[in-house]
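Here's protein-v8.cif, which has mmCIF, C-alpha atoms:
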```
data_upload
loop_
_atom_site.label_atom_id
_atom_site.label_comp_id
_atom_site.auth_asym_id
_atom_site.auth_seq_id
_atom_site.Cartn_x
_atom_site.Cartn_y
_atom_site.Cartn_z
CA MET A 1 90.52 63.41 134.27
CA PRO A 2 94.04 63.47 135.43
CA GLU A 3 95.50 60.62 133.53
CA GLN A 4 98.50 59.80 135.54
CA THR A 5 101.11 57.76 137.10
CA GLN A 6 99.68 55.51 139.74
CA ILE A 7 97.10 53.83 137.56
CA PRO A 8 98.06 50.21 137.24
CA THR A 9 97.55 50.13 133.50
CA PRO A 10 99.27 47.42 131.60
CA GLU A 11 100.60 50.07 129.22
CA ARG A 12 102.36 51.89 131.98
CA ALA A 13 103.44 49.08 134.20
CA ALA A 14 104.94 46.91 131.49
CA PRO A 15 104.47 47.83 127.85
CA ASP A 16 104.47 44.26 126.68
CA ALA A 17 102.53 42.78 129.54
CA ARG A 18 99.38 42.25 127.54
CA PRO A 19 99.45 38.71 126.31
CA ALA A 20 99.43 38.27 122.58
CA ALA A 21 98.58 34.63 123.11
CA PRO A 22 95.11 33.77 124.43
CA GLY A 23 94.79 35.57 127.74
CA PRO A 24 94.41 33.98 131.12
CA ALA A 25 90.99 32.95 132.35
CA ALA A 26 88.73 35.88 133.19
CA PRO A 27 89.49 37.24 136.65
CA PRO A 28 86.76 36.96 139.27
CA ASP A 29 84.33 39.87 139.43
CA SER A 30 85.66 40.89 142.82
CA ALA A 31 89.16 41.39 141.38
CA VAL A 32 87.83 43.51 138.51
CA ILE A 33 85.75 45.62 140.89
CA ARG A 34 88.69 46.07 143.25
CA ASP A 35 91.01 47.26 140.47
CA ALA A 36 88.34 49.54 139.02
CA LEU A 37 87.55 51.08 142.40
CA GLY A 38 91.25 51.57 143.09
CA VAL A 39 91.60 53.69 139.97
CA GLY A 40 88.26 55.44 140.45
CA VAL A 41 88.94 56.46 144.03
CA ALA A 42 92.59 57.48 143.58
CA VAL A 43 91.90 59.64 140.55
CA GLY A 44 88.50 60.79 141.73
CA LEU A 45 90.13 62.46 144.70
CA SER A 46 92.18 64.69 142.40
CA GLY A 47 88.97 66.51 141.49
CA PHE A 48 89.83 68.44 144.62
CA ALA A 49 92.87 69.91 142.85
CA PHE A 50 90.66 70.89 139.94
CA GLY A 51 88.05 72.55 142.16
CA VAL A 52 90.71 74.61 143.93
CA THR A 53 92.46 75.57 140.68
CA SER A 54 89.23 76.52 138.94
CA ALA A 55 88.01 78.68 141.82
CA GLY A 56 91.48 80.20 142.12
CA ALA A 57 91.32 81.05 138.41
CA GLY A 58 88.18 83.07 139.07
CA LEU A 59 85.37 80.69 138.09
CA GLY A 60 82.34 80.42 140.35
CA VAL A 61 81.36 77.28 142.22
CA LEU A 62 78.52 76.61 139.78
CA GLN A 63 80.77 77.07 136.75
CA THR A 64 83.44 74.84 138.26
CA CYS A 65 80.94 72.08 139.02
CA ALA A 66 79.37 72.40 135.57
CA LEU A 67 82.76 71.69 134.04
CA SER A 68 83.28 68.50 136.01
CA LEU A 69 79.70 67.34 135.39
CA LEU A 70 79.54 68.15 131.68
CA VAL A 71 83.11 68.04 130.36
CA PHE A 72 84.46 65.26 132.60
CA THR A 73 87.93 64.95 131.13
CA GLY A 74 90.50 66.41 133.48
CA ALA A 75 93.24 67.78 131.27
CA SER A 76 90.69 69.70 129.18
CA GLN A 77 89.08 71.13 132.29
CA PHE A 78 92.40 72.36 133.69
CA ALA A 79 93.35 73.78 130.30
CA LEU A 80 90.09 75.68 129.96
CA VAL A 81 90.23 77.36 133.36
CA GLY A 82 93.89 78.22 132.82
CA ALA A 83 93.16 79.82 129.47
CA LEU A 84 90.21 81.76 130.85
CA ALA A 85 92.30 82.98 133.77
CA ALA A 86 94.96 84.19 131.34
CA GLY A 87 92.31 86.33 129.65
CA GLY A 88 91.85 84.26 126.54
CA ASN A 89 88.74 84.64 124.46
CA PRO A 90 86.21 81.90 125.22
CA LEU A 91 86.46 80.16 121.86
CA THR A 92 90.26 80.11 121.87
CA ALA A 93 90.18 78.71 125.39
CA ALA A 94 87.62 76.07 124.37
CA ALA A 95 89.71 75.11 121.34
CA GLY A 96 92.72 74.24 123.51
CA ALA A 97 90.53 72.16 125.82
CA PHE A 98 88.90 70.47 122.83
CA PHE A 99 92.20 69.46 121.24
CA LEU A 100 93.28 67.86 124.50
CA GLY A 101 90.03 65.89 124.51
CA VAL A 102 90.49 64.51 121.01
CA ARG A 103 92.45 61.52 122.32
CA ASN A 104 89.26 60.23 123.93
CA ALA A 105 87.92 59.48 120.44
CA PHE A 106 90.74 56.99 120.03
CA TYR A 107 89.95 55.34 123.35
CA GLY A 108 86.34 55.12 122.19
CA LEU A 109 87.37 53.22 119.09
CA ARG A 110 89.14 50.62 121.18
CA LEU A 111 86.37 50.40 123.76
CA SER A 112 83.64 50.14 121.17
CA ALA A 113 84.77 46.67 120.13
CA LEU A 114 85.51 45.54 123.69
CA LEU A 115 82.25 46.71 125.23
CA GLY A 116 79.94 45.94 122.33
CA TYR A 117 77.22 48.24 123.60
CA ARG A 118 74.00 48.66 121.59
CA ALA A 119 73.57 51.91 119.69
CA SER A 120 71.01 53.06 122.28
CA VAL A 121 73.49 52.69 125.17
CA ARG A 122 76.49 54.33 123.48
CA PRO A 123 75.39 57.96 123.95
CA PHE A 124 75.36 57.39 127.72
CA ALA A 125 78.55 55.32 127.88
CA ALA A 126 80.37 57.95 125.78
CA HIS A 127 80.51 60.46 128.64
CA TRP A 128 82.72 58.10 130.63
CA VAL A 129 85.21 57.41 127.84
CA ILE A 130 88.39 58.84 129.38
CA ASP A 131 91.95 57.77 130.14
CA GLU A 132 91.19 55.82 133.29
CA THR A 133 88.13 53.90 132.10
CA ALA A 134 90.00 53.05 128.90
CA ALA A 135 92.99 51.76 130.85
CA VAL A 136 90.89 49.52 133.09
CA THR A 137 88.62 48.28 130.32
CA MET A 138 91.41 47.45 127.90
CA ALA A 139 93.08 45.33 130.58
CA GLN A 140 90.08 42.96 130.72
CA PRO A 141 90.16 39.68 128.84
CA ASP A 142 86.50 39.43 127.82
CA ARG A 143 83.37 41.46 127.21
CA ARG A 144 81.68 40.77 130.51
CA THR A 145 84.63 41.86 132.65
CA ALA A 146 85.28 44.76 130.27
CA ARG A 147 81.76 46.05 130.86
CA LEU A 148 82.11 45.53 134.60
CA GLY A 149 85.46 47.34 134.73
CA PHE A 150 84.18 50.19 132.58
CA THR A 151 81.02 50.67 134.63
CA VAL A 152 82.65 50.50 138.06
CA THR A 153 85.56 52.78 137.10
CA GLY A 154 83.27 55.24 135.31
CA LEU A 155 80.70 55.40 138.09
CA SER A 156 83.14 55.67 141.02
CA LEU A 157 85.29 58.21 139.20
CA TYR A 158 82.35 60.32 138.02
CA VAL A 159 80.74 60.50 141.46
CA LEU A 160 83.99 61.20 143.34
CA TRP A 161 85.42 63.62 140.77
CA ASN A 162 82.29 65.76 140.99
CA LEU A 163 82.06 65.65 144.78
CA THR A 164 85.73 66.56 145.22
CA THR A 165 85.40 69.31 142.61
CA LEU A 166 82.64 70.87 144.71
CA GLY A 167 84.73 70.45 147.86
CA GLY A 168 87.77 72.04 146.22
CA ALA A 169 85.79 74.99 144.85
CA LEU A 170 84.17 75.68 148.22
CA GLY A 171 87.49 75.19 149.99
CA ALA A 172 89.26 77.66 147.70
CA GLU A 173 86.57 80.28 148.29
CA ALA A 174 87.06 79.88 152.03
CA LEU A 175 90.84 80.25 151.63
CA GLY A 176 90.57 83.63 149.92
CA ASP A 177 93.79 84.51 148.11
CA THR A 178 94.75 81.20 146.54
CA LYS A 179 98.07 82.59 145.32
CA ALA A 180 99.28 83.15 148.86
CA TRP A 181 98.70 79.43 149.45
CA GLY A 182 100.75 78.52 146.39
CA LEU A 183 97.68 77.14 144.66
CA ASP A 184 98.55 78.78 141.34
CA ALA A 185 101.35 76.19 141.14
CA ALA A 186 98.79 73.36 141.19
CA GLY A 187 97.73 73.84 137.55
CA PRO A 188 101.18 73.61 135.95
CA ALA A 189 102.13 70.78 138.33
CA VAL A 190 99.06 68.86 137.18
CA PHE A 191 100.04 69.32 133.54
CA LEU A 192 103.58 68.24 134.25
CA ALA A 193 102.37 65.14 136.08
CA LEU A 194 100.12 64.28 133.13
CA LEU A 195 102.93 64.90 130.68
CA ALA A 196 105.77 63.03 132.42
CA PRO A 197 104.61 59.46 131.72
CA MET A 198 104.07 60.35 128.05
CA LEU A 199 107.72 61.32 127.49
CA THR A 200 108.75 57.80 126.59
CA THR A 201 110.87 58.31 123.46
CA THR A 202 112.89 61.01 121.74
CA VAL A 203 109.87 61.84 119.57
CA GLU A 204 107.73 62.81 122.56
CA ARG A 205 110.57 64.72 124.20
CA ALA A 206 111.29 66.63 121.01
CA ALA A 207 107.62 67.55 120.59
CA ALA A 208 107.40 68.69 124.22
CA GLY A 209 110.61 70.74 123.95
CA LEU A 210 109.54 72.40 120.74
CA ALA A 211 106.10 73.18 122.17
CA VAL A 212 107.68 74.87 125.20
CA VAL A 213 109.90 77.02 122.98
CA LEU A 214 106.97 77.97 120.73
CA VAL A 215 104.72 78.98 123.60
CA LEU A 216 107.34 81.02 125.45
CA VAL A 217 108.48 82.85 122.31
CA THR A 218 104.95 83.70 121.15
CA LEU A 219 103.42 84.45 124.55
CA PRO A 220 104.49 88.11 124.63
CA VAL A 221 103.34 88.85 121.09
CA LEU A 222 100.18 86.85 120.40
CA PRO A 223 96.73 87.20 122.03
CA ALA A 224 96.07 85.08 125.13
CA GLY A 225 95.27 81.45 124.37
CA VAL A 226 96.74 81.51 120.86
CA PRO A 227 100.31 80.56 121.88
CA VAL A 228 99.14 77.24 123.35
CA LEU A 229 97.16 76.42 120.21
CA LEU A 230 100.11 77.37 118.05
CA SER A 231 102.41 75.12 120.07
CA ALA A 232 100.26 72.14 119.05
CA LEU A 233 102.02 72.47 115.69
CA ALA A 234 105.05 70.95 117.40
CA ALA A 235 103.34 67.55 117.02
CA PRO A 236 103.04 67.45 113.21
CA ALA A 237 106.40 69.22 112.89
CA VAL A 238 108.21 66.55 114.87
CA LEU A 239 106.39 63.75 113.04
CA PHE A 240 107.38 65.32 109.72
CA VAL A 241 111.04 65.55 110.70
CA GLN A 242 110.96 62.02 112.06
CA GLY A 243 109.44 60.77 108.81
CA ARG A 244 112.26 62.38 106.85
CA LEU A 245 114.89 60.89 109.13
CA ASP A 246 113.33 57.45 108.88
CA GLN A 247 113.31 57.70 105.11
CA ARG A 248 117.00 58.40 105.15
CA ARG A 249 117.75 55.51 107.50
CA PRO A 250 115.19 52.90 106.60
CA ASP A 251 116.67 50.21 108.82
CA ARG A 252 117.06 52.31 111.87
CA GLY A 253 113.66 53.96 111.91
CA ARG A 254 112.17 54.18 115.32
CA GLY A 255 108.64 53.02 114.82
CA GLY A 256 107.02 56.36 114.24
CA ASN A 257 106.19 56.31 110.57
CA ALA A 258 103.54 54.23 108.91
CA THR A 259 105.56 51.04 108.63
CA GLY A 260 107.22 51.36 111.97
CA THR A 261 103.95 51.82 113.78
CA ALA A 262 102.60 48.59 112.40
CA HIS A 263 105.35 46.69 114.18
CA ARG A 264 104.92 48.32 117.50
CA SER A 265 103.13 46.53 120.25
CA ASP A 266 99.47 47.14 120.72
CA ALA A 267 100.04 48.88 124.02
CA GLN A 268 102.59 51.35 122.68
CA GLU A 269 100.28 52.45 119.94
CA ASP A 270 97.80 53.60 122.50
CA PRO A 271 97.07 57.27 121.90
CA ARG A 272 98.00 58.43 125.33
CA MET B 1 86.24 87.41 134.08
CA ASN B 2 83.06 87.95 132.11
CA PRO B 3 80.56 85.32 133.36
CA LEU B 4 78.81 85.06 129.99
CA HIS B 5 82.10 84.42 128.22
CA THR B 6 82.96 81.79 130.80
CA TRP B 7 79.62 80.04 130.30
CA ILE B 8 80.09 80.12 126.53
CA ALA B 9 83.51 78.55 126.92
CA ILE B 10 82.09 75.89 129.26
CA GLY B 11 79.26 75.09 126.87
CA VAL B 12 81.46 74.85 123.79
CA THR B 13 84.01 72.71 125.61
CA ALA B 14 81.35 70.39 127.02
CA VAL B 15 79.71 69.84 123.63
CA GLY B 16 83.03 69.43 121.80
CA CYS B 17 84.53 67.03 124.33
CA TYR B 18 81.35 64.95 124.44
CA LEU B 19 81.17 64.74 120.66
CA VAL B 20 84.73 63.42 120.27
CA LYS B 21 84.08 60.80 122.95
CA TYR B 22 80.90 59.72 121.21
CA LEU B 23 82.53 59.80 117.78
CA GLY B 24 85.10 57.23 118.90
CA LEU B 25 82.51 54.93 120.41
CA ALA B 26 80.07 55.16 117.51
CA ALA B 27 82.38 55.44 114.49
CA PRO B 28 82.93 52.40 112.33
CA ALA B 29 86.34 50.93 113.12
CA GLY B 30 88.95 51.95 110.60
CA ILE B 31 88.05 55.59 110.18
CA LEU B 32 90.55 56.80 112.75
CA GLU B 33 92.85 53.82 112.53
CA ARG B 34 95.31 55.22 110.00
CA PRO B 35 98.80 55.09 111.56
CA LEU B 36 99.64 58.70 110.87
CA VAL B 37 96.38 59.89 112.42
CA LYS B 38 97.02 57.76 115.50
CA ARG B 39 100.57 59.04 115.84
CA LEU B 40 99.38 62.61 115.59
CA ALA B 41 96.61 62.01 118.12
CA ALA B 42 99.15 60.54 120.53
CA LEU B 43 101.60 63.40 120.10
CA LEU B 44 99.11 66.28 120.22
CA PRO B 45 98.48 66.00 123.98
CA VAL B 46 102.25 65.88 124.57
CA ALA B 47 102.74 69.21 122.79
CA LEU B 48 99.70 70.81 124.41
CA LEU B 49 100.54 69.66 127.94
CA ALA B 50 104.15 70.83 127.59
CA ALA B 51 102.98 74.23 126.34
CA LEU B 52 100.39 74.54 129.10
CA THR B 53 102.98 73.67 131.74
CA ALA B 54 105.35 76.34 130.44
CA GLN B 55 102.64 78.97 130.00
CA GLN B 56 101.18 78.49 133.47
CA THR B 57 104.61 78.37 135.11
CA PHE B 58 106.16 81.44 133.49
CA GLY B 59 103.26 83.40 131.98
CA GLU B 60 101.59 86.34 133.68
CA GLY B 61 99.15 87.77 131.18
CA GLN B 62 101.41 88.52 128.22
CA ASP B 63 104.59 88.76 130.29
CA LEU B 64 107.07 86.09 131.21
CA MET B 65 108.23 85.99 134.79
CA LEU B 66 110.12 83.80 137.18
CA ASP B 67 108.32 83.57 140.51
CA ALA B 68 107.28 81.14 143.22
CA ARG B 69 105.37 79.02 140.70
CA ALA B 70 108.62 78.04 138.98
CA ALA B 71 110.02 76.82 142.30
CA GLY B 72 106.85 74.82 142.92
CA VAL B 73 106.90 73.25 139.46
CA ALA B 74 110.60 72.43 139.79
CA ALA B 75 109.82 70.65 143.04
CA ALA B 76 107.00 68.80 141.28
CA ALA B 77 109.43 67.70 138.58
CA LEU B 78 111.74 66.33 141.24
CA ALA B 79 108.83 64.50 142.88
CA LEU B 80 107.95 62.99 139.49
CA VAL B 81 111.51 61.79 138.98
CA LEU B 82 111.22 60.12 142.40
CA ARG B 83 108.00 58.47 141.20
CA ALA B 84 105.73 60.18 143.70
CA PRO B 85 101.99 59.61 143.19
CA PHE B 86 99.94 62.26 141.39
CA LEU B 87 98.35 63.97 144.38
CA LEU B 88 101.68 64.17 146.21
CA VAL B 89 103.30 65.79 143.16
CA VAL B 90 100.63 68.51 143.14
CA ALA B 91 100.82 68.94 146.92
CA VAL B 92 104.60 69.38 146.78
CA ALA B 93 104.27 72.06 144.10
CA VAL B 94 101.67 73.95 146.12
CA ALA B 95 103.65 73.69 149.37
CA VAL B 96 106.92 74.86 147.83
CA ALA B 97 105.25 77.75 145.98
CA ALA B 98 103.51 78.82 149.20
CA GLY B 99 106.79 78.55 151.09
CA VAL B 100 108.68 80.68 148.58
CA ARG B 101 105.92 83.31 148.63
CA ALA B 102 105.93 83.36 152.42
CA LEU B 103 109.66 84.06 152.26
CA GLY B 104 108.96 86.97 149.95
CA GLY B 105 109.77 85.25 146.65
#
```
Please render this file's structure as structure tokens.
Amino acid sequence: MPEQTQIPTPERAAPDARPAAPGPAAPPDSAVIRDALGVGVAVGLSGFAFGVTSAGAGLGVLQTCALSLLVFTGASQFALVGALAAGGNPLTAAAGAFFLGVRNAFYGLRLSALLGYRASVRPFAAHWVIDETAAVTMAQPDRRTARLGFTVTGLSLYVLWNLTTLGGALGAEALGDTKAWGLDAAGPAVFLALLAPMLTTTVERAAAGLAVVLVLVTLPVLPAGVPVLLSALAAPAVLFVQGRLDQRRPDRGRGGNATGTAHRSDAQEDPR
Amino acid sequence: MNPLHTWIAIGVTAVGCYLVKYLGLAAPAGILERPLVKRLAALLPVALLAALTAQQTFGEGQDLMLDARAAGVAAAALALVLRAPFLLVVAVAVAVAAGVRALGG
């Protein structure tokens, strides 16, 4: 799911907004539902962009809808259709999409404690563990409102995302040549919009810059799909360099190594 | 695009993405809580998204090229700096790319 800018997450709006002291009284159900629907509807509509991009990349309507129904995590879906369009082999393409989806495991860890679902419910709840449901759920002060926020965001987003995916795929087929309409710029613009809010410190910017260099240098020489996977190495590389720098300047470390992370606020640690 | 290959990719992605979601929800707390693992998990999407942006802006098969997409993505970057909402950012990119193509770019 496009995890992006207009979501009123506490992490985005104000990194330290989440009270460390006992939180305020639980908000009324209507307020939780309103916030959850706001996120669900706003982001759900961007399934349209996915449907158009996927159809423009050459996937059929059925394939496009299967992705939104079964994968249901936007960045991975966009990555997969982009890799397939570039002629990548299916497993290489799936690997890139998979690595983008790994962050959802970390949301799940947080949500597991907040939601407290029984083991029999978890397999169903798992499908909705994405950026937006995590943001809404983690903003709730207690279990009851957390469950309400998770369910309303998940349901509204899932229904809308799939409907707009279908609409986008059908719309793109009706348009014909999607390139003439500039629709091949939608994919990279989506990635950029997802990336922008993540570029909070020098560490993120360095990783992004290195990844861009790696992918552009290797694109002409490596098989399709491999350059993007290779560029993922920018993440451990930058962490390694940062660790060395922090070792050299123990007092001026920037909260990226093991000790620094422990001091960072809860919100900043969020794997986003 | 080979339809069978596409379906394989869809199936593998769906299973893999579901399993990582479920793993997080079902795993005992602590397994993935090591600081280095969390830092890496946070930084991995940054690297991947940056690479995907570059590849889909400048890549054409195995060639690099500067075309209307770059103009569209540059416009999207400007919209992001101006704090435009997500859908508007994408719409701006599409409109500018279409405009440049219409002008023969």
Problem - Leu78 (chain B) environment, 10 Å, all atoms listed in the file, sequence neighbours closer than 5 positions dropped, as a list of chain:residue names - result: B:Gly72, B:Val73, B:Arg83, B:Ala84, B:Val89, B:Val92, B:Ala93
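Considering the residues B:Ala71, B:Ala97, B:Val37, B:Leu66 and counting all atoms listed in the file, chain A has its shortest atom-to-atom contact with B:Ala97.
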Handout entry: Point-to-point distance from CA of Asn89 (chain A) to CA of Gln77 (chain A), Å rounded to tenths
Key = 15.6 Å
Practice task
Expand the PyMOL selection byres ((chain A and resi 110) around 12) into the individual residues it matches in the shown file, reporting them as a PyMOL selection string.
Solution key: (chain A and resi 103-109+111-116+129-131+133-135+137-139+146+266-267+269-271) or (chain B and resi 21+23-30+32-33)
Handout entry: Hits from the PyMOL selection byres ((chain B and resi 57-60) around 9), listed as a count of residues only
Key = 26
Practice task
Decode the PyMOL selection byres ((chain A and resi 28-32) around 8) for the given file into explicit residues and return them as an NGL selection string.
Solution key: :A and (26-27 or 33-36 or 145 or 148-149)
Practice task
Find the residues near Val71 (chain A): any atom within 10 Å, counting all atoms listed in the file, skip ones fewer than 5 places away on the same chain, and give them as a ChimeraX atom specification.
Solution key: /A:1,65-66,76-77,97-98,101,127-128 /B:10-18
